[in-house]
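Asks: Got a structure here, written out as structure tokens. Questions coming.
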Amino acid sequence: YANLALRGKLLHEVVREQLPATLAARPDLVSLCAGGNDIMRPSTDPDVLATQMYDAVQALHAVDTRVVLFTGVDPRNVPLLRRTRPKVIAYNDALRRIADRFGCVLADLWAMDTLYDWRAWSEDRLHLSADGHRLVAAHVAELLGLPGGGDWRMPWPPATPVSWIRRRRSDARWVRVHLVPWVGRRLRGR
């Protein structure tokens, strides 16, 4: 088992930096979840991403590696990311075509209703929480025919109501702790 994932990588970086090591290891199974960081950038073309992903999956397929791909989640409930929705849809469609072409396992996160609860997301509102990761892992285990993954379809227990003021304070903290530093890194090219 090797986890080559690095937070913040763009798809072309994953392909350039991680794919050669992956191919050299000749793994039986690879889970490949990439492109989300690219989608958030205004100039990203989903067709270019699709070509990069196609080439990566083709290379893995050539060495008889089983590949798990992941669609993006619908950003409809995230105000600052909502504008990326058409690109997510286009990229997801391409991922579905790639999965069909190469016989990949496809974890359709867009269709996972349990991921549309804020408890499935970390404080940064971009990455899954530990509970969110458990849901996705259970879904993938089921797709791979593995026992004991758990029920990823089970609805969340009712949430404790949060006041409007508390939600605004949480939003303000998120802007200060996560959004402003992220924008700063983008402006500095980091």
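Letters A, B, ... mark the chains of the structure tokens in the order given; residue numbers begin at 1 per chain; ligand numbers begin at 1, in order shown.
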Need the shell around stretch 131-136 of chain A: protein/DNA/RNA residues with any atom at most 6 Å away, counting only C-alpha atoms. Skip same-chain ones fewer than 2 positions apart. Format as a list in words?

Replies: Ala120, Leu128, Ser129, Ala138, His139 and Trp152 of chain A

Asks: Set the distance at 10 Å and use only C-alpha atoms: which residues neighbour stretch 41-45 of chain A once local chain neighbours fewer than 2 positions away are removed? I'd like the list as a JSON list (two decimals) with N, CA and C atoms, in the first residue's frame.

Replies:
```json
[["chain", "number", "residue", "atom", "x", "y", "z"],
["A", 35, "GLY", "N", -8.22, 16.54, -10.08],
["A", 35, "GLY", "CA", -8.87, 17.49, -10.97],
["A", 35, "GLY", "C", -9.69, 18.53, -10.24],
["A", 36, "GLY", "N", -10.04, 18.25, -8.99],
["A", 36, "GLY", "CA", -10.85, 19.21, -8.23],
["A", 36, "GLY", "C", -10.14, 20.53, -7.99],
["A", 37, "ASN", "N", -8.85, 20.47, -7.71],
["A", 37, "ASN", "CA", -8.10, 21.71, -7.51],
["A", 37, "ASN", "C", -8.04, 22.52, -8.80],
["A", 38, "ASP", "N", -7.97, 21.84, -9.93],
["A", 38, "ASP", "CA", -7.95, 22.52, -11.23],
["A", 38, "ASP", "C", -9.28, 23.22, -11.49],
["A", 39, "ILE", "N", -10.37, 22.51, -11.19],
["A", 39, "ILE", "CA", -11.72, 23.02, -11.47],
["A", 39, "ILE", "C", -11.97, 24.36, -10.79],
["A", 47, "ASP", "N", -12.12, 19.97, -20.70],
["A", 47, "ASP", "CA", -11.69, 19.08, -21.78],
["A", 47, "ASP", "C", -10.20, 18.78, -21.68],
["A", 48, "VAL", "N", -9.41, 19.76, -21.28],
["A", 48, "VAL", "CA", -7.97, 19.55, -21.09],
["A", 48, "VAL", "C", -7.76, 18.58, -19.93],
["A", 49, "LEU", "N", -8.50, 18.78, -18.84],
["A", 49, "LEU", "CA", -8.42, 17.86, -17.71],
["A", 49, "LEU", "C", -8.78, 16.45, -18.15],
["A", 50, "ALA", "N", -9.83, 16.32, -18.92],
["A", 50, "ALA", "CA", -10.28, 15.00, -19.37],
["A", 50, "ALA", "C", -9.19, 14.30, -20.18],
["A", 83, "ARG", "N", -20.26, 28.52, -8.75],
["A", 83, "ARG", "CA", -19.98, 28.95, -10.13],
["A", 83, "ARG", "C", -19.19, 27.90, -10.92],
["A", 84, "THR", "N", -18.54, 26.94, -10.21],
["A", 84, "THR", "CA", -17.77, 25.90, -10.90],
["A", 84, "THR", "C", -18.65, 24.75, -11.37],
["A", 87, "LYS", "N", -18.43, 23.32, -14.92],
["A", 87, "LYS", "CA", -17.17, 22.62, -15.18],
["A", 87, "LYS", "C", -17.13, 21.27, -14.49],
["A", 90, "ALA", "N", -19.18, 18.90, -16.61],
["A", 90, "ALA", "CA", -18.47, 18.49, -17.83],
["A", 90, "ALA", "C", -17.35, 17.50, -17.50],
["A", 91, "TYR", "N", -16.60, 17.77, -16.45],
["A", 91, "TYR", "CA", -15.50, 16.87, -16.07],
["A", 91, "TYR", "C", -16.06, 15.52, -15.61],
["A", 186, "ARG", "N", -2.82, 31.76, -3.76],
["A", 186, "ARG", "CA", -3.03, 31.81, -5.21],
["A", 186, "ARG", "C", -2.37, 33.05, -5.82]]
```

Asks: As number ranges by chain, please: every residue in stretch 68-124 of chain A that DSSP puts in strand (DSSP E or B).

Replies: A: 68-70, 105-107, 121

Asks: Output N, CA and C atoms of each residue in that selection to a file, as an mmCIF file, in the first residue's frame.

Replies:
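result-v3.cif, freshly written:
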```
data_model
loop_
_atom_site.group_PDB
_atom_site.id
_atom_site.type_symbol
_atom_site.label_atom_id
_atom_site.label_comp_id
_atom_site.auth_asym_id
_atom_site.auth_seq_id
_atom_site.Cartn_x
_atom_site.Cartn_y
_atom_site.Cartn_z
ATOM 1 N N VAL A 68 -9.838 2.962 -9.784
ATOM 2 C CA VAL A 68 -11.053 3.537 -9.217
ATOM 3 C C VAL A 68 -10.991 5.036 -9.482
ATOM 4 N N LEU A 69 -12.000 5.567 -10.136
ATOM 5 C CA LEU A 69 -12.109 7.001 -10.377
ATOM 6 C C LEU A 69 -13.248 7.559 -9.528
ATOM 7 N N PHE A 70 -13.210 8.864 -9.284
ATOM 8 C CA PHE A 70 -14.193 9.535 -8.438
ATOM 9 C C PHE A 70 -14.737 10.756 -9.157
ATOM 10 N N VAL A 105 -13.628 1.247 -12.046
ATOM 11 C CA VAL A 105 -14.653 1.364 -11.020
ATOM 12 C C VAL A 105 -14.898 2.858 -10.852
ATOM 13 N N LEU A 106 -16.147 3.274 -10.839
ATOM 14 C CA LEU A 106 -16.455 4.697 -10.714
ATOM 15 C C LEU A 106 -17.254 4.950 -9.449
ATOM 16 N N ALA A 107 -16.657 5.690 -8.537
ATOM 17 C CA ALA A 107 -17.358 6.127 -7.326
ATOM 18 C C ALA A 107 -18.021 7.464 -7.657
ATOM 19 N N TRP A 121 -17.921 17.152 5.797
ATOM 20 C CA TRP A 121 -16.853 18.023 5.303
ATOM 21 C C TRP A 121 -16.021 18.572 6.448
#
```

Asks: For A:Ala99, which residue out of A:Thr114, A:Asn3, A:Thr22, A:Gln58 is the nearest one, using only C-alpha atoms?

Replies: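 Smallest distance to A:Ala99 is found for A:Gln58.
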
Asks: Of the candidates A:Leu187, A:Val67, A:Leu19, A:Ala159, which shows the shortest atom-to-atom distance to A:Leu4, using only C-alpha atoms?

Replies: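 Of A:Leu187, A:Val67, A:Leu19, A:Ala159, the one nearest A:Leu4, counting only C-alpha atoms, is A:Leu19.
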